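Trainee: One file is attached below, my_file17.cif, containing mmCIF, C-alpha atoms and all ligand atoms.
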```cif
data_upload
loop_
_atom_site.label_atom_id
_atom_site.label_comp_id
_atom_site.auth_asym_id
_atom_site.auth_seq_id
_atom_site.Cartn_x
_atom_site.Cartn_y
_atom_site.Cartn_z
CA SER A 22 97.91 28.46 -32.01
CA SER A 23 97.88 31.88 -33.61
CA LEU A 24 97.70 31.12 -37.33
CA PRO A 25 98.87 33.85 -39.73
CA LYS A 26 95.90 35.97 -40.83
CA GLU A 27 96.55 35.46 -44.55
CA LEU A 28 96.66 31.68 -43.97
CA ARG A 29 93.32 31.77 -42.12
CA GLU A 30 91.78 33.90 -44.85
CA LYS A 31 92.80 31.51 -47.63
CA TYR A 32 92.50 28.09 -45.94
CA VAL A 33 90.45 26.31 -43.30
CA LEU A 34 92.70 24.09 -41.17
CA THR A 35 91.01 21.03 -39.64
CA ARG A 36 92.27 17.81 -38.06
CA GLY A 37 95.82 16.55 -37.69
CA ILE A 38 96.77 13.91 -40.30
CA GLY A 39 100.38 13.13 -39.53
CA THR A 40 102.79 13.90 -36.75
CA GLY A 41 106.41 14.36 -37.67
CA VAL A 42 109.20 14.63 -35.16
CA CYS A 43 109.44 18.35 -35.81
CA GLY A 44 105.86 19.42 -36.15
CA GLU A 45 102.43 18.31 -37.30
CA VAL A 46 100.49 18.04 -40.54
CA LYS A 47 96.90 19.27 -40.73
CA LEU A 48 94.21 18.65 -43.32
CA ALA A 49 93.22 21.99 -44.89
CA PHE A 50 90.61 23.21 -47.35
CA GLU A 51 91.28 26.09 -49.72
CA ARG A 52 88.25 28.38 -49.24
CA SER A 53 88.05 29.52 -52.86
CA THR A 54 88.20 26.06 -54.44
CA CYS A 55 87.31 23.68 -51.58
CA ARG A 56 90.43 21.74 -52.63
CA LYS A 57 91.86 19.47 -49.93
CA LEU A 58 95.48 20.25 -49.01
CA ALA A 59 97.98 19.49 -46.25
CA VAL A 60 99.63 22.12 -44.05
CA LYS A 61 102.91 21.17 -42.38
CA ILE A 62 103.54 23.29 -39.29
CA ILE A 63 107.22 23.39 -38.35
CA ASN A 64 108.30 24.91 -35.08
CA LYS A 65 111.23 27.24 -35.82
CA LYS A 66 113.27 26.06 -32.86
CA ASN A 67 113.48 22.73 -34.71
CA PHE A 68 115.66 24.38 -37.30
CA LYS A 69 119.12 23.99 -35.88
CA SER A 70 120.77 27.34 -36.60
CA GLU A 71 123.73 26.07 -38.59
CA GLY A 72 127.04 27.84 -38.33
CA THR A 73 127.92 27.44 -41.98
CA ALA A 74 126.90 30.26 -44.31
CA THR A 75 125.72 27.70 -46.87
CA ARG A 76 123.00 26.32 -44.63
CA ASN A 77 121.72 29.78 -43.55
CA ALA A 78 121.61 31.06 -47.14
CA LYS A 79 119.79 28.05 -48.50
CA THR A 80 117.17 27.15 -45.91
CA GLU A 81 114.99 24.11 -46.33
CA ILE A 82 112.13 26.38 -47.41
CA GLU A 83 114.14 27.72 -50.32
CA ILE A 84 115.03 24.18 -51.35
CA LEU A 85 111.37 23.14 -51.06
CA GLN A 86 110.31 26.01 -53.29
CA ARG A 87 113.10 25.49 -55.78
CA VAL A 88 112.93 21.74 -56.42
CA ASP A 89 110.58 20.60 -59.17
CA HIS A 90 110.24 16.84 -59.70
CA PRO A 91 107.16 14.57 -59.67
CA CYS A 92 108.66 12.55 -56.77
CA LEU A 93 109.51 15.53 -54.56
CA ILE A 94 106.90 17.20 -52.37
CA LYS A 95 105.67 20.45 -53.91
CA THR A 96 104.82 23.46 -51.81
CA GLU A 97 101.73 25.44 -52.85
CA ASP A 98 102.08 28.27 -50.36
CA PHE A 99 104.19 29.37 -47.46
CA TYR A 100 103.61 31.51 -44.34
CA GLN A 101 105.54 32.15 -41.17
CA THR A 102 105.09 33.66 -37.71
CA ASP A 103 107.79 34.37 -35.14
CA ASP A 104 107.81 30.78 -33.96
CA SER A 105 106.55 28.62 -36.83
CA TYR A 106 106.63 27.94 -40.55
CA TYR A 107 103.38 26.94 -42.29
CA ILE A 108 103.98 25.03 -45.53
CA VAL A 109 100.92 24.38 -47.69
CA LEU A 110 101.42 21.16 -49.63
CA GLU A 111 99.62 18.79 -51.93
CA LEU A 112 97.66 16.15 -50.05
CA MET A 113 99.39 12.77 -49.96
CA GLU A 114 96.42 10.55 -49.08
CA GLY A 115 98.52 7.40 -48.82
CA GLY A 116 100.35 8.87 -45.84
CA GLU A 117 103.85 7.79 -44.85
CA LEU A 118 105.57 4.74 -46.34
CA PHE A 119 106.50 3.86 -42.76
CA GLN A 120 102.84 3.22 -41.84
CA LYS A 121 102.23 1.14 -44.95
CA VAL A 122 105.21 -1.16 -44.36
CA LYS A 123 104.22 -1.50 -40.69
CA SER A 124 100.62 -2.46 -41.53
CA GLN A 125 101.51 -4.79 -44.43
CA GLN A 126 104.45 -6.48 -42.65
CA GLN A 127 106.46 -6.28 -45.90
CA LEU A 128 105.69 -4.97 -49.39
CA LYS A 129 105.26 -7.17 -52.48
CA GLU A 130 108.53 -7.08 -54.43
CA SER A 131 106.85 -5.44 -57.44
CA VAL A 132 105.51 -2.63 -55.20
CA ALA A 133 108.86 -2.18 -53.46
CA LYS A 134 110.51 -1.95 -56.90
CA LEU A 135 108.02 0.69 -58.14
CA TYR A 136 108.56 2.82 -55.02
CA PHE A 137 112.33 2.33 -55.02
CA TYR A 138 112.62 3.39 -58.68
CA GLN A 139 110.74 6.62 -57.90
CA MET A 140 112.98 7.28 -54.88
CA LEU A 141 116.05 6.79 -57.09
CA LYS A 142 114.68 9.27 -59.66
CA ALA A 143 113.90 11.82 -56.91
CA VAL A 144 117.38 11.53 -55.38
CA GLN A 145 119.02 11.54 -58.84
CA TYR A 146 117.24 14.87 -59.45
CA LEU A 147 118.38 16.30 -56.08
CA HIS A 148 121.99 15.23 -56.70
CA SER A 149 121.98 16.70 -60.22
CA ASN A 150 120.95 19.96 -58.52
CA GLY A 151 123.78 19.70 -56.00
CA ILE A 152 121.49 18.81 -53.07
CA ILE A 153 122.15 15.92 -50.64
CA HIS A 154 119.01 14.92 -48.72
CA ARG A 155 120.82 13.23 -45.80
CA ASP A 156 117.69 12.14 -43.97
CA LEU A 157 115.98 9.59 -46.23
CA LYS A 158 113.77 7.34 -44.10
CA PRO A 159 110.28 5.79 -44.41
CA GLU A 160 108.69 8.69 -42.49
CA ASN A 161 109.95 11.05 -45.20
CA ILE A 162 108.51 9.08 -48.10
CA LEU A 163 104.86 9.96 -48.73
CA LEU A 164 102.36 7.99 -50.83
CA SER A 165 99.87 9.76 -53.07
CA SER A 166 97.10 7.20 -52.49
CA GLN A 167 96.14 4.09 -50.54
CA GLU A 168 96.63 2.00 -53.71
CA ASP A 169 99.80 -0.11 -53.98
CA VAL A 170 100.42 1.36 -57.44
CA CYS A 171 100.87 5.04 -56.61
CA LEU A 172 103.20 8.01 -56.90
CA ILE A 173 105.62 8.52 -54.01
CA LYS A 174 107.18 11.81 -52.92
CA VAL A 175 110.28 12.50 -50.87
CA THR A 176 109.93 15.20 -48.24
CA ASP A 177 111.65 16.86 -45.23
CA PHE A 178 114.76 18.67 -46.41
CA ASN A 179 115.67 19.81 -42.90
CA GLN A 180 118.95 17.89 -42.97
CA SER A 181 119.67 18.52 -46.62
CA ARG A 182 122.83 20.28 -47.76
CA ILE A 183 123.71 22.22 -50.87
CA LEU A 184 127.05 21.14 -52.30
CA GLU A 185 128.94 24.40 -52.63
CA GLU A 186 131.94 23.71 -54.83
CA ALA A 187 132.55 27.47 -54.58
CA SER A 188 133.33 27.25 -50.86
CA LEU A 189 135.84 24.46 -51.60
CA MET A 190 137.45 26.63 -54.28
CA ARG A 191 137.75 29.51 -51.80
CA THR A 192 139.34 27.14 -49.29
CA LEU A 193 141.89 26.00 -51.89
CA CYS A 194 142.84 29.63 -52.61
CA GLY A 195 144.22 30.03 -49.11
CA THR A 196 147.50 28.57 -47.85
CA PRO A 197 147.17 24.76 -48.08
CA SER A 198 149.72 24.04 -45.36
CA TYR A 199 147.08 23.65 -42.63
CA LEU A 200 144.46 21.81 -44.73
CA ALA A 201 143.74 18.15 -43.91
CA PRO A 202 144.32 15.54 -46.67
CA GLU A 203 140.62 14.79 -47.09
CA VAL A 204 140.00 18.37 -48.20
CA PHE A 205 141.99 17.48 -51.36
CA THR A 206 140.62 13.96 -51.80
CA HIS A 207 137.00 13.00 -52.46
CA ALA A 208 135.74 13.47 -48.94
CA SER A 209 134.76 17.11 -49.27
CA THR A 210 133.63 17.17 -52.88
CA THR A 211 130.42 15.74 -54.35
CA GLY A 212 131.99 12.26 -54.39
CA TYR A 213 131.44 10.99 -50.86
CA GLY A 214 128.67 13.44 -49.88
CA LEU A 215 126.18 11.96 -52.34
CA ALA A 216 126.97 8.41 -51.23
CA VAL A 217 125.18 8.94 -47.90
CA ASP A 218 121.85 9.05 -49.75
CA ALA A 219 122.70 5.80 -51.56
CA TRP A 220 123.25 4.09 -48.20
CA SER A 221 119.92 5.40 -46.86
CA LEU A 222 118.14 4.15 -49.98
CA GLY A 223 119.67 0.75 -49.28
CA VAL A 224 118.19 0.84 -45.77
CA LEU A 225 114.84 1.97 -47.18
CA LEU A 226 114.78 -0.87 -49.74
CA PHE A 227 115.76 -3.41 -47.05
CA VAL A 228 112.82 -2.24 -44.88
CA CYS A 229 110.35 -2.35 -47.82
CA LEU A 230 111.41 -5.88 -48.87
CA GLY A 231 112.09 -7.40 -45.45
CA GLY A 232 109.59 -5.53 -43.32
CA TYR A 233 112.20 -4.86 -40.63
CA PRO A 234 115.29 -2.61 -40.43
CA PRO A 235 118.80 -3.93 -41.27
CA PHE A 236 120.33 -2.27 -38.22
CA HIS A 237 118.54 -2.09 -34.88
CA GLU A 238 119.60 -1.87 -31.25
CA SER A 239 117.59 -4.97 -30.37
CA PHE A 240 119.62 -7.17 -32.79
CA GLY A 241 122.39 -9.15 -31.08
CA HIS A 242 124.92 -7.76 -28.66
CA GLN A 243 126.34 -4.95 -30.80
CA SER A 244 125.20 -1.33 -30.57
CA ILE A 245 123.35 -0.06 -33.63
CA THR A 246 126.31 2.17 -34.54
CA ASP A 247 128.69 -0.82 -34.41
CA GLN A 248 126.30 -2.79 -36.68
CA ILE A 249 126.26 0.14 -39.13
CA ILE A 250 130.01 0.82 -39.01
CA ARG A 251 130.64 -2.88 -39.68
CA GLY A 252 127.80 -3.03 -42.22
CA GLU A 253 126.50 -6.16 -40.50
CA PHE A 254 122.89 -7.01 -41.27
CA THR A 255 120.94 -10.26 -41.51
CA MET A 256 118.37 -11.25 -44.14
CA VAL A 257 116.15 -13.49 -42.01
CA PRO A 258 115.18 -16.45 -44.31
CA SER A 259 111.50 -16.48 -43.28
CA LYS A 260 111.21 -12.88 -44.46
CA TRP A 261 113.57 -12.97 -47.45
CA LYS A 262 113.00 -16.42 -48.99
CA HIS A 263 110.42 -15.01 -51.47
CA VAL A 264 112.64 -12.05 -52.40
CA SER A 265 114.55 -12.37 -55.68
CA ASP A 266 118.35 -12.63 -55.72
CA GLN A 267 118.50 -9.51 -57.92
CA ALA A 268 116.60 -7.46 -55.31
CA LYS A 269 118.93 -8.75 -52.59
CA ASP A 270 121.90 -7.84 -54.80
CA VAL A 271 120.76 -4.19 -54.96
CA VAL A 272 120.49 -4.05 -51.15
CA ARG A 273 123.90 -5.66 -50.66
CA LYS A 274 125.59 -3.25 -53.12
CA LEU A 275 124.09 -0.18 -51.41
CA LEU A 276 124.79 -1.28 -47.81
CA VAL A 277 128.54 -1.18 -48.39
CA VAL A 278 130.49 0.57 -45.64
CA ASP A 279 133.20 2.08 -47.89
CA PRO A 280 131.48 4.98 -49.74
CA SER A 281 133.94 4.71 -52.62
CA LYS A 282 132.88 1.06 -53.15
CA ARG A 283 129.15 1.68 -52.61
CA MET A 284 126.87 1.46 -55.66
CA THR A 285 125.89 4.96 -56.84
CA ILE A 286 122.38 6.16 -57.69
CA GLU A 287 123.24 6.05 -61.41
CA GLU A 288 124.57 2.46 -61.10
CA ALA A 289 121.46 1.44 -59.16
CA LEU A 290 119.26 2.79 -61.97
CA GLN A 291 121.21 0.54 -64.36
CA HIS A 292 120.97 -2.56 -62.12
CA PRO A 293 119.24 -5.59 -63.77
CA TRP A 294 116.55 -5.61 -61.05
CA LEU A 295 115.31 -2.21 -62.30
CA GLN A 296 115.43 -3.05 -66.02
CA ASP A 297 111.70 -3.81 -65.83
CA ARG A 298 109.69 -2.31 -68.71
CA ASP A 299 106.29 -2.72 -67.04
CA MET A 300 107.43 -1.10 -63.79
CA MET A 301 109.04 1.80 -65.68
CA ASP A 302 105.94 2.37 -67.83
CA THR A 303 103.80 2.41 -64.68
CA ALA A 304 106.22 4.77 -62.91
CA HIS A 305 106.38 7.17 -65.87
CA ARG A 306 102.59 7.13 -66.24
CA LEU A 307 102.35 8.11 -62.53
CA MET A 308 105.12 10.69 -62.75
CA TYR A 309 104.06 12.30 -66.04
CA PRO A 310 100.27 11.79 -66.21
CA SER A 311 100.01 14.19 -69.14
CA GLY A 312 101.27 11.21 -71.12
CA ASP A 313 103.70 12.91 -73.41
CA ALA A 314 106.83 12.28 -71.38
CA ALA A 315 109.07 13.71 -74.09
CA ALA A 316 107.23 17.03 -73.97
CA THR A 317 107.27 16.98 -70.17
CA ALA A 318 110.98 16.20 -70.16
CA ALA A 319 111.61 19.04 -72.58
CA VAL A 320 109.60 21.38 -70.33
CA GLN A 321 111.67 20.23 -67.36
CA VAL A 322 114.91 20.93 -69.18
CA GLU A 323 113.68 24.37 -70.24
CA ARG A 324 112.51 25.17 -66.69
CA LEU A 325 115.88 24.10 -65.26
CA ALA A 326 117.73 26.23 -67.81
CA THR A 327 115.70 29.33 -67.02
CA ARG A 328 116.00 28.68 -63.29
CA LYS A 329 119.77 28.23 -63.63
CA ARG A 330 120.07 31.51 -65.61
CA GLY A 331 117.91 33.22 -62.94
CA ARG A 332 120.03 31.82 -60.13
CA ASP A 333 123.29 32.85 -61.80
CA GLU A 334 122.01 36.41 -62.25
CA GLY A 335 120.72 36.28 -58.67
CA ASP A 336 124.11 35.07 -57.42
CA GLU A 337 125.85 37.95 -59.23
CA GLU A 338 123.57 40.36 -57.30
CA GLU A 339 124.44 38.49 -54.07
CA GLU A 340 128.16 38.59 -54.86
C1 LIG A 401 108.65 19.72 -45.55
C2 LIG A 401 108.44 18.74 -44.48
N1 LIG A 401 109.23 18.65 -43.43
N2 LIG A 401 110.24 19.50 -43.22
C3 LIG A 401 110.84 19.46 -41.97
N3 LIG A 401 111.74 20.26 -41.63
N4 LIG A 401 110.44 18.45 -41.15
O1 LIG A 401 111.41 18.03 -40.23
C4 LIG A 401 107.29 17.82 -44.52
C5 LIG A 401 107.30 16.71 -43.68
C6 LIG A 401 106.21 15.84 -43.68
C7 LIG A 401 105.12 16.09 -44.49
N5 LIG A 401 104.06 15.20 -44.40
C8 LIG A 401 102.88 15.28 -45.09
O2 LIG A 401 102.64 16.11 -45.95
C9 LIG A 401 101.89 14.25 -44.77
C10 LIG A 401 101.99 13.28 -43.79
C11 LIG A 401 100.78 12.58 -43.85
C12 LIG A 401 100.27 11.49 -43.14
C13 LIG A 401 98.99 11.02 -43.45
C14 LIG A 401 98.22 11.61 -44.48
C15 LIG A 401 98.74 12.70 -45.17
N6 LIG A 401 97.99 13.33 -46.20
O3 LIG A 401 98.48 14.32 -46.84
O4 LIG A 401 96.85 12.87 -46.47
C16 LIG A 401 100.01 13.17 -44.86
N7 LIG A 401 100.73 14.20 -45.42
C17 LIG A 401 105.13 17.19 -45.34
C18 LIG A 401 106.21 18.05 -45.36
#
```
As structure tokens, what does this structure read like?
Ligand SMILES: C/C(=N\NC(=N)NO)c1ccc(NC(=O)c2cc3cccc([N+](=O)[O-])c3[nH]2)cc1
Mentor:
Amino acid sequence: SSLPKELREKYVLTRGIGTGVCGEVKLAFERSTCRKLAVKIINKKNFKSEGTATRNAKTEIEILQRVDHPCLIKTEDFYQTDDSYYIVLELMEGGELFQKVKSQQQLKESVAKLYFYQMLKAVQYLHSNGIIHRDLKPENILLSSQEDVCLIKVTDFNQSRILEEASLMRTLCGTPSYLAPEVFTHASTTGYGLAVDAWSLGVLLFVCLGGYPPFHESFGHQSITDQIIRGEFTMVPSKWKHVSDQAKDVVRKLLVVDPSKRMTIEEALQHPWLQDRDMMDTAHRLMYPSGDAAATAAVQVERLATRKRGRDEGDEEEE
């Protein structure tokens, strides 16, 4: 394929290392440093052209370049041609969580807990920045190494949405007489939107602990959508007998059909199963290798503040 000239000048692209539904990932070497990197090639026709202004304004690429958290994929560089995007990313040598669960049957509970905690922190960060991921699945969770104890990163923001309270405010300025009730209740504000990610994390945790999905067309007579709508899943004893009751409790409180009754990300982070000092120390050592987490946290806060100021000024220009 015709790679952008600047990309070819800066990187050597070699073999494919992962194939996503919407494109492929190639191993690349940065010519100047010989550093190994990954290049995700996304075919533009995979980007559904959304009607809503919000989606057009904030494409996935902008989200990818804006987010900054140890458990979210970081883009190093970005190129595009008429038909493709080329995203240069850090190499995630552990590959997709999906492959690891498949090859190991099911993960050890301590490993599942370490990964799940990092996923919660990544999604907590997205939500605090008004972003819903909406497509959390094992293919979109990457592992930084082949070791069980490793950093994980969430990727693929193609389905993500920015929560625009502003657009709701504009809606409420008009005549309300034609507006549906849910516009005024939770449904259209951050409330329910964020809960979709909590459900997906429940499915992810179920798969990591049980080694099989909670909802699947091959289970019983019901369609997969009926199983999901009814929230009907089975913890097969042979697979779940070694899993702790606390871990099962987290899954059961996330796979709740009614979003208003579903456990939130914040509540999950407070659940007894995750009050595990050793796991947290390991996770923080992986997330903030520089060691001084306080300093790193302070830097994060400062960076967010400057970015927020920048965005506000930027928005004024847009307005
Ligand atoms: C941003 C994004 N997707 N966005 C999108 N619209 N997809 O639908 C995206 C999706 C997937 C990836 N995947 C990788 O970086 C990735 C997959 C993989 C498998 C084995 C080994 C490696 N590796 O880096 O060594 C891998 N990296 C990286 C970025």
Trainee: Box for ligand LIG 401 (chain A) - axis-aligned, 4 Å on each of the six sides, all listed atoms - centre and size in Å to one decimal, as AutoDock Vina command-line options.
Mentor:
```
--center_x 104.3 --center_y 15.6 --center_z -43.5 --size_x 22.9 --size_y 17.2 --size_z 14.6
```
Trainee: Ligand LIG 401 (chain A): which residues are within 9 Å, counting only C-alpha atoms and all ligand atoms, as a VMD selection string?
Mentor: chain A and resid 37 to 48 57 to 64 67 to 68 81 to 82 85 94 to 96 108 to 117 120 160 to 166 175 to 180
Trainee: Store the residues picked out above, limited to C-alpha atoms, as a PDB file, keeping the file's coordinate frame.
Mentor:
```pdb
ATOM      1  CA  GLY A  37      95.820  16.550 -37.690  1.00  0.00           C
ATOM      2  CA  ILE A  38      96.770  13.910 -40.300  1.00  0.00           C
ATOM      3  CA  GLY A  39     100.380  13.130 -39.530  1.00  0.00           C
ATOM      4  CA  THR A  40     102.790  13.900 -36.750  1.00  0.00           C
ATOM      5  CA  GLY A  41     106.410  14.360 -37.670  1.00  0.00           C
ATOM      6  CA  VAL A  42     109.200  14.630 -35.160  1.00  0.00           C
ATOM      7  CA  CYS A  43     109.440  18.350 -35.810  1.00  0.00           C
ATOM      8  CA  GLY A  44     105.860  19.420 -36.150  1.00  0.00           C
ATOM      9  CA  GLU A  45     102.430  18.310 -37.300  1.00  0.00           C
ATOM     10  CA  VAL A  46     100.490  18.040 -40.540  1.00  0.00           C
ATOM     11  CA  LYS A  47      96.900  19.270 -40.730  1.00  0.00           C
ATOM     12  CA  LEU A  48      94.210  18.650 -43.320  1.00  0.00           C
ATOM     13  CA  LYS A  57      91.860  19.470 -49.930  1.00  0.00           C
ATOM     14  CA  LEU A  58      95.480  20.250 -49.010  1.00  0.00           C
ATOM     15  CA  ALA A  59      97.980  19.490 -46.250  1.00  0.00           C
ATOM     16  CA  VAL A  60      99.630  22.120 -44.050  1.00  0.00           C
ATOM     17  CA  LYS A  61     102.910  21.170 -42.380  1.00  0.00           C
ATOM     18  CA  ILE A  62     103.540  23.290 -39.290  1.00  0.00           C
ATOM     19  CA  ILE A  63     107.220  23.390 -38.350  1.00  0.00           C
ATOM     20  CA  ASN A  64     108.300  24.910 -35.080  1.00  0.00           C
ATOM     21  CA  ASN A  67     113.480  22.730 -34.710  1.00  0.00           C
ATOM     22  CA  PHE A  68     115.660  24.380 -37.300  1.00  0.00           C
ATOM     23  CA  GLU A  81     114.990  24.110 -46.330  1.00  0.00           C
ATOM     24  CA  ILE A  82     112.130  26.380 -47.410  1.00  0.00           C
ATOM     25  CA  LEU A  85     111.370  23.140 -51.060  1.00  0.00           C
ATOM     26  CA  ILE A  94     106.900  17.200 -52.370  1.00  0.00           C
ATOM     27  CA  LYS A  95     105.670  20.450 -53.910  1.00  0.00           C
ATOM     28  CA  THR A  96     104.820  23.460 -51.810  1.00  0.00           C
ATOM     29  CA  ILE A 108     103.980  25.030 -45.530  1.00  0.00           C
ATOM     30  CA  VAL A 109     100.920  24.380 -47.690  1.00  0.00           C
ATOM     31  CA  LEU A 110     101.420  21.160 -49.630  1.00  0.00           C
ATOM     32  CA  GLU A 111      99.620  18.790 -51.930  1.00  0.00           C
ATOM     33  CA  LEU A 112      97.660  16.150 -50.050  1.00  0.00           C
ATOM     34  CA  MET A 113      99.390  12.770 -49.960  1.00  0.00           C
ATOM     35  CA  GLU A 114      96.420  10.550 -49.080  1.00  0.00           C
ATOM     36  CA  GLY A 115      98.520   7.400 -48.820  1.00  0.00           C
ATOM     37  CA  GLY A 116     100.350   8.870 -45.840  1.00  0.00           C
ATOM     38  CA  GLU A 117     103.850   7.790 -44.850  1.00  0.00           C
ATOM     39  CA  GLN A 120     102.840   3.220 -41.840  1.00  0.00           C
ATOM     40  CA  GLU A 160     108.690   8.690 -42.490  1.00  0.00           C
ATOM     41  CA  ASN A 161     109.950  11.050 -45.200  1.00  0.00           C
ATOM     42  CA  ILE A 162     108.510   9.080 -48.100  1.00  0.00           C
ATOM     43  CA  LEU A 163     104.860   9.960 -48.730  1.00  0.00           C
ATOM     44  CA  LEU A 164     102.360   7.990 -50.830  1.00  0.00           C
ATOM     45  CA  SER A 165      99.870   9.760 -53.070  1.00  0.00           C
ATOM     46  CA  SER A 166      97.100   7.200 -52.490  1.00  0.00           C
ATOM     47  CA  VAL A 175     110.280  12.500 -50.870  1.00  0.00           C
ATOM     48  CA  THR A 176     109.930  15.200 -48.240  1.00  0.00           C
ATOM     49  CA  ASP A 177     111.650  16.860 -45.230  1.00  0.00           C
ATOM     50  CA  PHE A 178     114.760  18.670 -46.410  1.00  0.00           C
ATOM     51  CA  ASN A 179     115.670  19.810 -42.900  1.00  0.00           C
ATOM     52  CA  GLN A 180     118.950  17.890 -42.970  1.00  0.00           C
TER      53      GLN A 180
END
```
Trainee: Taking all atoms listed in the file into account, which of A:Ser259, A:Ser23, A:Gln248, A:Ser181 comes nearest Ser105 in chain A?
Mentor: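 For Ser105 in chain A, the nearest of the candidates is A:Ser23.
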Trainee: I'd like the interatomic distance between CA of Lys142 in chain A and CA of Val277 in chain A, to a tenth of an Å.
Mentor: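 Rounded to one decimal, the two atoms are 20.7 Å apart.
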Trainee: Which value, in Å to one decimal, gives the distance between CA of Lys158 in chain A and CA of Leu222 in chain A?
Mentor: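 Computing the Euclidean distance for CA of Lys158 in chain A and CA of Leu222 in chain A yields 8.0 Å.
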Trainee: Would you kindly identify which residues have an atom no farther than 10 Å from (114.7, 10.7, -56.5), using all atoms listed in the file and the file's own coordinates, and write them out as a list of chain:residue names?
Mentor: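 Result, sorted by chain then residue number: A:His90, A:Pro91, A:Cys92, A:Leu93, A:Phe137, A:Tyr138, A:Gln139, A:Met140, A:Leu141, A:Lys142, A:Ala143, A:Val144, A:Gln145, A:Tyr146, A:Leu147, A:His148, A:His154, A:Ile173, A:Lys174, A:Val175, A:Asp218, A:Leu222, A:Ile286.
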Trainee: What's the separation between CA of Trp294 in chain A and CA of Met256 in chain A, in Å to one decimal place?
Mentor: 17.9 Å
Trainee: With 10 Å as the cut-off and only C-alpha atoms counted, what is the closest atom pair between each nearby residue of range 112-230 of chain A and range 234-246 of chain A? Distances in Å to one decimal, ordered by chain and number, as a tab-separated table.
Mentor:
```
residue	atom	partner	partner_atom	distance
A:Gly223	CA	A:Pro235	CA	9.3
A:Val224	CA	A:Pro235	CA	6.6
A:Leu225	CA	A:Pro234	CA	8.2
A:Leu226	CA	A:Pro234	CA	9.5
A:Phe227	CA	A:Pro235	CA	6.6
A:Val228	CA	A:Pro234	CA	5.1
A:Cys229	CA	A:Pro234	CA	8.9
A:Leu230	CA	A:Pro234	CA	9.8
```
